[in-house]
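Chemist: Next up, data07.txt (compact mmCIF, C-alpha atoms).
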```txt
# COMPACT_ATOMS: atom_id res chain seq x y z
CA MET D 191 110.93 105.06 70.05
CA LYS D 192 107.47 103.77 70.96
CA ARG D 193 106.38 103.54 74.60
CA LEU D 194 104.83 100.28 75.78
CA LEU D 195 103.36 99.40 79.16
CA VAL D 196 103.06 95.69 79.97
CA LEU D 197 100.87 94.40 82.80
CA GLY D 198 100.77 90.87 84.13
CA ASP D 199 102.73 87.98 85.52
CA LEU D 200 106.42 87.79 86.34
CA ASN D 201 107.76 84.36 87.28
CA LEU D 202 110.87 82.29 87.64
CA ASP D 203 110.68 79.37 85.19
CA ILE D 204 112.51 76.21 86.25
CA HIS D 205 113.14 73.56 83.59
CA ALA D 206 114.27 70.08 84.57
CA GLU D 207 114.33 66.64 82.99
CA GLU D 208 113.93 63.33 84.73
CA PRO D 209 116.22 61.08 82.63
CA THR D 210 114.96 57.83 84.19
CA PRO D 211 111.87 56.99 86.27
CA THR D 212 112.56 57.59 89.95
CA ASP D 213 111.05 55.92 92.99
CA VAL D 214 109.86 57.78 96.07
CA GLY D 215 112.83 59.05 98.04
CA GLN D 216 115.29 58.40 95.21
CA GLU D 217 117.68 61.09 93.98
CA VAL D 218 118.47 61.47 90.29
CA ARG D 219 121.22 63.56 88.71
CA SER D 220 120.26 65.81 85.82
CA VAL D 221 120.43 69.44 84.76
CA VAL D 222 118.07 72.12 86.07
CA ARG D 223 117.81 75.50 84.37
CA ALA D 224 116.16 78.58 85.84
CA VAL D 225 115.22 81.51 83.57
CA PRO D 226 113.08 84.65 83.93
CA GLY D 227 109.55 83.83 82.81
CA GLY D 228 105.92 84.83 82.98
CA SER D 229 103.70 85.53 79.99
CA ALA D 230 103.81 89.31 80.45
CA GLY D 231 107.46 89.16 81.43
CA THR D 232 108.38 87.38 78.20
CA PHE D 233 106.43 89.94 76.16
CA ALA D 234 108.26 92.80 77.89
CA ARG D 235 111.71 91.27 77.45
CA VAL D 236 111.21 90.53 73.74
CA ALA D 237 109.72 93.99 73.07
CA ALA D 238 112.62 95.69 74.83
CA GLY D 239 115.09 93.55 72.89
CA LEU D 240 113.53 94.87 69.68
CA GLY D 241 114.17 98.46 70.72
CA ALA D 242 110.86 99.49 72.28
CA ARG D 243 110.76 101.63 75.41
CA VAL D 244 109.06 99.31 77.88
CA ALA D 245 107.68 99.67 81.41
CA PHE D 246 106.39 96.67 83.35
CA VAL D 247 103.61 96.58 85.95
CA GLY D 248 103.36 93.52 88.17
CA ALA D 249 103.94 92.11 91.64
CA VAL D 250 106.71 90.03 93.20
CA GLY D 251 107.52 88.84 96.68
CA ARG D 252 109.90 90.36 99.17
CA ASP D 253 112.34 87.59 98.43
CA LEU D 254 115.51 86.75 96.53
CA ILE D 255 113.64 85.67 93.38
CA GLY D 256 111.73 88.95 93.32
CA ASP D 257 115.02 90.83 93.59
CA LEU D 258 116.55 88.79 90.77
CA LEU D 259 113.58 89.32 88.45
CA GLU D 260 113.56 93.07 89.10
CA ARG D 261 117.29 93.21 88.42
CA ASP D 262 116.75 91.31 85.18
CA LEU D 263 114.16 93.85 84.01
CA LEU D 264 116.52 96.73 84.77
CA ALA D 265 119.39 95.01 82.97
CA ARG D 266 117.23 94.78 79.85
CA GLY D 267 116.32 98.46 79.96
CA ILE D 268 112.77 97.82 81.20
CA GLU D 269 111.34 100.24 83.76
CA PRO D 270 109.87 98.16 86.61
CA HIS D 271 106.77 99.20 88.55
CA LEU D 272 106.63 96.25 90.92
CA THR D 273 104.38 95.86 93.93
CA ARG D 274 106.13 93.94 96.72
CA SER D 275 104.03 91.33 98.49
CA ASP D 276 104.41 89.08 101.51
CA MET D 277 103.52 86.20 99.18
CA SER D 278 106.35 84.38 97.42
CA THR D 279 107.31 85.43 93.92
CA GLY D 280 105.55 83.42 91.22
CA ALA D 281 107.31 80.33 89.92
CA VAL D 282 106.69 77.60 87.35
CA LEU D 283 108.33 74.17 87.45
CA ALA D 284 108.38 72.32 84.11
CA LEU D 285 109.40 68.67 84.50
CA PHE D 286 110.18 66.74 81.32
CA ARG D 287 109.91 62.95 81.20
CA GLY D 288 110.79 61.74 77.72
CA GLY D 289 108.36 63.45 75.40
CA ASP D 290 105.95 64.39 78.19
CA ARG D 291 105.87 67.54 80.28
CA SER D 292 104.29 68.18 83.67
CA MET D 293 103.99 71.66 85.14
CA VAL D 294 103.56 72.97 88.66
CA CYS D 295 102.51 76.63 88.67
CA ALA D 296 102.56 78.90 91.73
CA ARG D 297 101.09 82.33 90.94
CA GLY D 298 102.10 83.62 94.34
CA ALA D 299 102.67 87.37 94.42
CA ASN D 300 101.27 87.84 90.91
CA ASP D 301 97.81 87.86 92.48
CA ALA D 302 98.78 90.74 94.78
CA LEU D 303 98.66 93.37 92.02
CA ASP D 304 95.73 95.72 92.62
CA GLU D 305 94.09 98.60 90.74
CA HIS D 306 95.39 101.04 93.36
CA ASP D 307 98.96 100.12 92.41
CA LEU D 308 98.59 101.88 89.05
CA GLU D 309 99.73 105.49 88.57
CA PRO D 310 97.88 107.55 85.91
CA ALA D 311 101.19 109.25 85.04
CA TRP D 312 102.44 105.97 83.57
CA PHE D 313 99.86 106.28 80.79
CA SER D 314 100.74 109.81 79.69
CA GLY D 315 102.10 109.68 76.14
CA LEU D 316 101.68 105.90 76.03
CA ASP D 317 101.58 104.26 72.60
CA HIS D 318 100.48 100.76 73.58
CA LEU D 319 99.30 98.70 76.55
CA HIS D 320 99.73 94.93 76.61
CA VAL D 321 97.87 92.86 79.20
CA SER D 322 98.56 89.19 79.84
CA GLY D 323 95.37 87.16 79.50
CA TYR D 324 96.21 85.45 82.79
CA ALA D 325 95.50 88.75 84.56
CA PHE D 326 91.74 88.41 84.02
CA LEU D 327 91.67 85.09 85.87
CA SER D 328 92.64 86.67 89.21
CA ASP D 329 90.09 88.94 90.92
CA ARG D 330 92.62 91.51 92.13
CA GLN D 331 94.79 91.48 89.03
CA ALA D 332 91.66 91.70 86.86
CA ARG D 333 90.71 94.95 88.58
CA ALA D 334 94.17 96.28 87.82
CA ALA D 335 93.87 95.15 84.19
CA ARG D 336 90.49 96.84 83.77
CA ARG D 337 91.78 100.12 85.19
CA ALA D 338 94.87 99.95 82.99
CA ILE D 339 92.72 99.38 79.91
CA GLY D 340 90.56 102.36 80.84
CA LEU D 341 93.57 104.64 81.37
CA ALA D 342 95.24 103.44 78.17
CA GLY D 343 92.06 103.98 76.16
CA ALA D 344 91.72 107.51 77.54
CA ALA D 345 95.33 108.18 76.53
CA GLY D 346 94.63 107.03 72.97
CA ALA D 347 96.88 104.00 73.20
CA SER D 348 96.23 100.74 71.41
CA ILE D 349 95.62 97.70 73.63
CA SER D 350 96.57 94.05 73.15
CA VAL D 351 95.91 90.83 75.02
CA ASN D 352 97.48 87.41 74.60
CA ALA D 353 94.87 84.82 75.66
CA PRO D 354 95.59 82.29 78.42
CA PRO D 355 95.31 78.53 77.71
CA ALA D 356 91.93 77.23 76.54
CA GLY D 357 91.44 75.11 79.65
CA LEU D 358 91.75 78.15 81.89
CA ILE D 359 89.35 80.15 79.71
CA ALA D 360 86.81 77.33 79.90
CA ALA D 361 87.10 77.17 83.70
CA PHE D 362 86.74 80.96 83.96
CA GLY D 363 83.81 81.05 81.53
CA VAL D 364 84.04 81.89 77.84
CA GLY D 365 81.39 84.60 78.02
CA ALA D 366 83.00 86.25 81.04
CA PHE D 367 86.41 86.19 79.36
CA LEU D 368 85.09 87.72 76.13
CA ARG D 369 83.46 90.54 78.10
CA GLU D 370 86.89 91.43 79.49
CA LEU D 371 88.16 91.88 75.92
CA ARG D 372 85.58 94.38 74.71
CA ARG D 373 88.01 97.32 74.59
CA VAL D 374 90.98 95.32 73.27
CA THR D 375 92.14 96.38 69.80
CA THR D 376 94.67 93.60 69.15
CA LEU D 377 94.12 89.97 70.15
CA PHE D 378 96.54 87.05 70.09
CA LEU D 379 95.49 83.45 70.66
CA ASN D 380 96.31 79.98 69.45
CA ARG D 381 94.07 77.59 67.56
CA ASP D 382 92.73 75.80 70.66
CA GLU D 383 91.84 79.12 72.26
CA GLY D 384 90.33 80.44 69.04
CA ARG D 385 88.25 77.29 68.61
CA LEU D 386 86.94 77.61 72.17
CA VAL D 387 85.95 81.29 72.08
CA THR D 388 84.34 81.14 68.62
CA GLY D 389 83.03 77.57 68.45
CA ILE D 390 84.63 77.32 65.00
CA ASP D 391 87.32 74.87 63.87
CA ALA D 392 88.80 76.24 60.60
CA PRO D 393 91.52 78.88 61.23
CA GLU D 394 90.29 81.15 58.41
CA GLU D 395 86.78 81.15 59.83
CA ILE D 396 88.02 81.70 63.38
CA VAL D 397 89.90 84.77 62.19
CA CYS D 398 86.86 86.10 60.32
CA ALA D 399 84.77 85.82 63.49
CA LEU D 400 87.38 87.55 65.64
CA ALA D 401 88.05 90.34 63.13
CA VAL D 402 84.47 91.55 63.57
CA ILE D 403 85.29 92.49 67.18
CA HIS D 404 89.03 93.18 67.25
CA ALA D 405 90.65 95.37 64.59
CA GLU D 406 93.78 93.27 64.34
CA GLY D 407 95.55 90.27 65.78
CA ALA D 408 96.78 86.80 64.99
CA LEU D 409 95.88 83.16 65.39
CA THR D 410 99.09 81.25 66.06
CA LEU D 411 99.23 77.74 64.62
CA GLY D 412 102.37 76.19 66.12
CA ARG D 413 104.64 74.72 63.48
CA ASP D 414 102.30 76.08 60.79
CA GLY D 415 103.10 79.66 61.75
CA ALA D 416 100.34 82.22 62.17
CA LEU D 417 97.34 83.69 60.41
CA ALA D 418 97.19 87.44 61.08
CA TRP D 419 94.46 89.91 60.31
CA LEU D 420 93.99 93.66 60.02
CA GLU D 421 90.29 94.36 59.54
CA GLN D 422 89.56 92.67 56.17
CA GLU D 423 93.20 91.95 55.32
CA ARG D 424 94.70 88.49 56.00
CA ASN D 425 98.29 87.24 56.02
CA ALA D 426 99.71 83.76 56.61
CA ALA D 427 103.34 83.28 57.61
CA SER D 428 105.50 80.34 58.69
CA PRO D 429 108.43 80.10 61.14
CA PRO D 430 111.95 79.74 59.71
CA ALA D 431 112.05 76.07 60.77
CA ALA D 432 110.26 73.64 63.05
CA LEU D 433 111.76 73.03 66.49
CA ASP D 434 111.03 69.96 68.59
CA VAL D 435 110.99 71.84 71.90
CA ASP D 436 108.63 72.97 74.63
CA PRO D 437 106.61 75.84 73.02
CA THR D 438 106.14 77.82 76.26
CA GLY D 439 106.62 81.53 75.65
CA ALA D 440 106.50 81.38 71.86
CA GLY D 441 103.09 83.06 71.70
CA ASP D 442 104.26 85.88 73.97
CA ALA D 443 107.40 86.42 71.88
CA TYR D 444 105.26 86.42 68.74
CA ALA D 445 102.84 88.99 70.21
CA ALA D 446 105.66 91.30 71.34
CA ALA D 447 107.34 91.33 67.94
CA PHE D 448 104.02 91.80 66.12
CA VAL D 449 103.09 94.80 68.28
CA VAL D 450 106.50 96.47 68.03
CA HIS D 451 106.67 96.08 64.25
CA ARG D 452 103.11 97.32 63.76
CA LEU D 453 103.79 100.35 65.99
CA GLU D 454 106.84 101.12 63.86
CA GLY D 455 104.66 101.20 60.74
CA ASP D 456 105.33 97.77 59.26
CA THR D 457 102.65 96.17 57.10
CA LEU D 458 100.60 93.26 58.37
CA GLY D 459 102.71 90.80 56.39
CA GLU D 460 105.99 92.29 57.58
CA ALA D 461 104.84 92.19 61.21
CA ASN D 462 103.58 88.62 60.89
CA ARG D 463 106.83 87.35 59.38
CA ALA D 464 108.93 89.19 61.98
CA ALA D 465 106.75 87.82 64.77
CA CYS D 466 107.12 84.23 63.53
CA ALA D 467 110.89 84.74 63.42
CA ALA D 468 110.87 86.14 66.97
CA ALA D 469 108.91 83.16 68.27
CA HIS D 470 111.38 80.80 66.58
CA ALA D 471 114.34 82.69 68.06
CA HIS D 472 112.77 82.56 71.52
CA LEU D 473 112.39 78.79 71.34
CA ALA D 474 115.89 78.35 69.93
CA ARG D 475 117.54 79.88 73.00
CA PRO D 476 119.99 77.44 74.62
CA SER D 477 118.19 77.72 77.96
CA VAL D 478 115.02 76.14 76.57
CA ALA D 479 115.83 74.65 73.18
CA ALA D 480 117.74 71.65 74.51
CA PRO D 481 116.16 70.14 77.62
CA PRO D 482 118.84 68.28 79.62
CA SER D 483 119.28 64.60 78.86
```
What is this structure when it is put down as structure tokens?
Modeler:
Amino acid sequence: MKRLLVLGDLNLDIHAEEPTPTDVGQEVRSVVRAVPGGSAGTFARVAAGLGARVAFVGAVGRDLIGDLLERDLLARGIEPHLTRSDMSTGAVLALFRGGDRSMVCARGANDALDEHDLEPAWFSGLDHLHVSGYAFLSDRQARAARRAIGLAGAAGASISVNAPPAGLIAAFGVGAFLRELRRVTTLFLNRDEGRLVTGIDAPEEIVCALAVIHAEGALTLGRDGALAWLEQERNAASPPAALDVDPTGAGDAYAAAFVVHRLEGDTLGEANRAACAAAHAHLARPSVAAPPS
């Protein structure tokens, strides 16, 4: 069983739909769903569900939500290494109005993770480190991510990153973000992110540019599946079916399945197909596949 260490954000995701426009002060009845979230958290949960031995490094508040998220990790067989902060646990509110979605994101305690919170013993015998791309956007969490990458590299582990949204990369600075990825072996990003960091539009050309720097990875293409690479090898795969749902978390589920299958010795094509299926299964969950109406 392969050992994975995942570093990054752990949030409570709250999904709600506003069935009709509401005026200020008006109350509307609908359904609200709360599920464990966070980019790194989703990666860890999917990887553990596929049989990997997973430990999670992050930060939560000294509050009920932090307790619930830690309990959820334990229930899934994930070993939690959680820093407790006086800040509130991170949370994301996704509000659906017809076909539109608005999001309110509170990083909260996620930004409390520091390099000194890491224990070198966690990296002994480690097979793979996964770092959420969001980690590089926070000064303190970025220091923790850099130290984790250094410790993982010294232990001979492979290292992956799933990029944050293109808008956040642009605000952070494309050059600065790419410098953070210099020691990353496996990179996951979607077409918008790939277009931004390479300045190229065609998926095949984006992948060729990225493959020069990162040994393997994948460019996810939404309903068109993903284009994966391993050095000079390429593989295109499609999801089992298209789903008309909020795609949040699909890229993290894809990355987790890809990494686990590659660590188990699957070919690039096998890992790509399994990852597309995992992303589809993640979106098809009842908690997110059918927003309340």
Chemist: Against stretch 369-390 of chain D, which residues of stretch 438-475 of chain D fall within 10 Å? For each one I want the closest pair of atoms and the distance in Å (one decimal), counting all atoms listed in the file, rows by chain and increasing residue number, as a Markdown table.
Modeler:
```
| residue | atom | partner | partner_atom | distance |
| --- | --- | --- | --- | --- |
| D:Gly441 | CA | D:Leu379 | CA | 7.7 |
| D:Asp442 | CA | D:Phe378 | CA | 8.7 |
| D:Tyr444 | CA | D:Phe378 | CA | 8.8 |
| D:Ala445 | CA | D:Phe378 | CA | 6.6 |
| D:Phe448 | CA | D:Phe378 | CA | 9.7 |
| D:Val449 | CA | D:Thr376 | CA | 8.5 |
```
Chemist: At what distance in Å, to one decimal, does atom CA of D:Ile204 lie from atom CA of D:Ala284?
Modeler: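 For atom CA of D:Ala284 relative to atom CA of D:Ile204, the distance reads 6.1 Å.
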Chemist: I need the residue nearest D:Ala347 from this list: D:Ala360, D:Leu195, D:Ala446, D:Leu308. Use only C-alpha atoms for the distance.
Modeler: D:Leu195
Chemist: When you draw a straight line from atom CA of D:His271 to atom CA of D:Val196, how long is it in Å?
Modeler: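 So the answer is 10.0 Å.
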Chemist: Nearest to D:Val282: which of D:Arg337, D:Ala206, D:Pro310, D:Gly267 is it, counting all atoms listed in the file?
Modeler: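 That would be D:Ala206, the residue with the smallest distance to D:Val282.
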Chemist: What are the closest atom pairs, with distances in Å to one decimal, for each residue of stretch 290-367 of chain D lying within 10 Å of stretch 406-424 of chain D, using only C-alpha atoms, rows by chain and rising residue number, as CSV?
Modeler:
```
residue,atom,partner,partner_atom,distance
D:Ser350,CA,D:Gly407,CA,8.3
D:Val351,CA,D:Gly407,CA,9.3
D:Asn352,CA,D:Gly407,CA,9.5
```
Chemist: Any idea what the distance is between atom CA of D:Ala302 and atom CA of D:Asp253?
Modeler: 14.4 Å
Chemist: From the set D:Arg252, D:Arg452, D:Arg333, D:Arg266, which residue has the shortest atom-to-atom contact distance to D:Gly298, counting only C-alpha atoms?
Modeler: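 Selected residue with least distance to D:Gly298: D:Arg252.
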Chemist: Residues within 8 Å of (109.5, 100.9, 76.5), file coordinates, counting only C-alpha atoms: what are they? Give the list as a list in words.
Modeler: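 It turns out the residues near that spot are Met191, Lys192, Arg193, Leu194, Leu195, Ala237, Ala238, Gly241, Ala242, Arg243, Val244, Ala245, Ile268 and Glu269 of chain D.
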Chemist: Using the file's own x, y and z axes, so that the box edges lie along x, y and z, what centre and edge lengths in Å (one decimal) does a box around every listed atom of stretch 252-270 of chain D get when 6 Å is added on each side? Give it as AutoDock Vina command-line options.
Modeler:
```
--center_x 114.6 --center_y 93.0 --center_z 89.5 --size_x 21.5 --size_y 26.6 --size_z 31.3
```
Chemist: Quick one: residues within 10 Å of D:Met293, only C-alpha atoms, excluding same-chain residues fewer than 2 positions away - as a list in words?
Modeler: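 Result of the neighbour search: Ile204, His205, Val282, Leu283, Ala284, Leu285, Phe286, Arg291, Cys295 and Ala296 of chain D.
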Chemist: So which residues touch D:Asn300 within 7 Å, counting all atoms listed in the file, skipping near sequence neighbours fewer than 5 positions away, as a ChimeraX atom specification?
Modeler: /D:199-200,248-250,280
Chemist: Restricting the calculation to only C-alpha atoms: of D:Leu341, D:Ser322, D:Ala392, D:Arg223, which residue gets closest to D:Pro354?
Modeler: D:Ser322
Chemist: Considering all atoms listed in the file, can you say which of D:Leu202, D:Ala353, D:Ala342, D:Ala399 comes closest to D:Asp262?
Modeler: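 Using all atoms listed in the file, D:Asp262 sits closest to D:Leu202.
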Chemist: From the list D:Cys398, D:Pro209, D:His470, D:Ile255, which residue is nearest D:Gly439 when using all atoms listed in the file?
Modeler: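 Under the stated criterion, the closest residue is D:His470.
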Chemist: Is it possible to dump stretch 205-234 of chain D as a tab-separated table (two decimals), in the first residue's frame, including just N, CA, C and O atoms?
Modeler:
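Output below, filename selection.tsv:
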```tsv
chain	number	residue	atom	x	y	z
D	205	HIS	N	-23.62	24.10	0.15
D	205	HIS	CA	-24.28	24.28	-1.14
D	205	HIS	C	-25.75	24.64	-0.90
D	205	HIS	O	-26.45	23.96	-0.17
D	206	ALA	N	-26.19	25.72	-1.52
D	206	ALA	CA	-27.58	26.14	-1.36
D	206	ALA	C	-28.08	26.71	-2.67
D	206	ALA	O	-27.31	27.21	-3.50
D	207	GLU	N	-29.39	26.61	-2.88
D	207	GLU	CA	-29.99	27.19	-4.08
D	207	GLU	C	-31.08	28.17	-3.68
D	207	GLU	O	-31.89	27.90	-2.80
D	208	GLU	N	-31.06	29.30	-4.36
D	208	GLU	CA	-32.11	30.30	-4.18
D	208	GLU	C	-33.14	30.06	-5.28
D	208	GLU	O	-32.92	30.42	-6.43
D	209	PRO	N	-34.28	29.43	-4.96
D	209	PRO	CA	-35.23	29.04	-6.00
D	209	PRO	C	-35.89	30.23	-6.69
D	209	PRO	O	-36.23	30.16	-7.87
D	210	THR	N	-36.09	31.31	-5.97
D	210	THR	CA	-36.69	32.53	-6.55
D	210	THR	C	-35.91	33.73	-6.03
D	210	THR	O	-35.34	33.69	-4.93
D	211	PRO	N	-35.86	34.82	-6.80
D	211	PRO	CA	-35.17	36.02	-6.32
D	211	PRO	C	-35.77	36.49	-5.00
D	211	PRO	O	-36.99	36.49	-4.81
D	212	THR	N	-34.90	36.87	-4.08
D	212	THR	CA	-35.37	37.32	-2.77
D	212	THR	C	-34.98	38.78	-2.55
D	212	THR	O	-33.92	39.23	-2.97
D	213	ASP	N	-35.87	39.51	-1.88
D	213	ASP	CA	-35.59	40.89	-1.51
D	213	ASP	C	-34.84	40.93	-0.19
D	213	ASP	O	-34.79	39.94	0.55
D	214	VAL	N	-34.28	42.09	0.11
D	214	VAL	CA	-33.55	42.26	1.37
D	214	VAL	C	-34.50	41.99	2.54
D	214	VAL	O	-35.62	42.49	2.58
D	215	GLY	N	-34.04	41.16	3.46
D	215	GLY	CA	-34.83	40.85	4.64
D	215	GLY	C	-35.82	39.72	4.45
D	215	GLY	O	-36.47	39.30	5.41
D	216	GLN	N	-35.96	39.23	3.22
D	216	GLN	CA	-36.93	38.16	2.94
D	216	GLN	C	-36.31	36.81	3.23
D	216	GLN	O	-35.13	36.59	3.00
D	217	GLU	N	-37.12	35.87	3.71
D	217	GLU	CA	-36.67	34.50	3.95
D	217	GLU	C	-37.24	33.60	2.86
D	217	GLU	O	-38.39	33.72	2.47
D	218	VAL	N	-36.40	32.69	2.36
D	218	VAL	CA	-36.83	31.75	1.35
D	218	VAL	C	-36.54	30.33	1.83
D	218	VAL	O	-35.54	30.08	2.50
D	219	ARG	N	-37.43	29.42	1.53
D	219	ARG	CA	-37.25	28.02	1.94
D	219	ARG	C	-36.62	27.24	0.79
D	219	ARG	O	-37.09	27.28	-0.35
D	220	SER	N	-35.55	26.53	1.11
D	220	SER	CA	-34.87	25.70	0.12
D	220	SER	C	-34.12	24.61	0.87
D	220	SER	O	-34.40	24.37	2.05
D	221	VAL	N	-33.20	23.96	0.21
D	221	VAL	CA	-32.39	22.92	0.83
D	221	VAL	C	-30.95	23.38	0.86
D	221	VAL	O	-30.44	23.90	-0.12
D	222	VAL	N	-30.30	23.20	1.99
D	222	VAL	CA	-28.88	23.53	2.15
D	222	VAL	C	-28.14	22.26	2.51
D	222	VAL	O	-28.56	21.53	3.42
D	223	ARG	N	-27.06	21.99	1.79
D	223	ARG	CA	-26.25	20.80	2.07
D	223	ARG	C	-24.86	21.23	2.48
D	223	ARG	O	-24.27	22.12	1.87
D	224	ALA	N	-24.33	20.59	3.51
D	224	ALA	CA	-22.96	20.85	3.96
D	224	ALA	C	-22.15	19.57	3.83
D	224	ALA	O	-22.58	18.50	4.31
D	225	VAL	N	-20.99	19.65	3.17
D	225	VAL	CA	-20.15	18.47	2.94
D	225	VAL	C	-18.69	18.84	3.20
D	225	VAL	O	-18.30	20.00	3.05
D	226	PRO	N	-17.86	17.88	3.60
D	226	PRO	CA	-16.43	18.16	3.76
D	226	PRO	C	-15.84	18.57	2.41
D	226	PRO	O	-16.12	17.95	1.39
D	227	GLY	N	-15.03	19.63	2.42
D	227	GLY	CA	-14.47	20.12	1.16
D	227	GLY	C	-13.01	20.50	1.31
D	227	GLY	O	-12.30	20.00	2.17
D	228	GLY	N	-12.60	21.42	0.45
D	228	GLY	CA	-11.20	21.81	0.38
D	228	GLY	C	-10.52	21.04	-0.73
D	228	GLY	O	-10.72	19.83	-0.87
D	229	SER	N	-9.71	21.73	-1.53
D	229	SER	CA	-9.02	21.07	-2.64
D	229	SER	C	-8.16	19.91	-2.16
D	229	SER	O	-8.27	18.78	-2.65
D	230	ALA	N	-7.31	20.16	-1.17
D	230	ALA	CA	-6.45	19.10	-0.64
D	230	ALA	C	-7.28	18.04	0.08
D	230	ALA	O	-6.99	16.84	0.01
D	231	GLY	N	-8.33	18.49	0.78
D	231	GLY	CA	-9.18	17.54	1.47
D	231	GLY	C	-9.86	16.58	0.52
D	231	GLY	O	-9.94	15.37	0.79
D	232	THR	N	-10.34	17.08	-0.61
D	232	THR	CA	-10.97	16.21	-1.60
D	232	THR	C	-9.96	15.21	-2.15
D	232	THR	O	-10.26	14.02	-2.30
D	233	PHE	N	-8.75	15.68	-2.47
D	233	PHE	CA	-7.71	14.77	-2.95
D	233	PHE	C	-7.47	13.65	-1.94
D	233	PHE	O	-7.43	12.47	-2.30
D	234	ALA	N	-7.33	14.00	-0.66
D	234	ALA	CA	-7.05	13.00	0.36
D	234	ALA	C	-8.18	12.00	0.50
D	234	ALA	O	-7.95	10.78	0.60
```
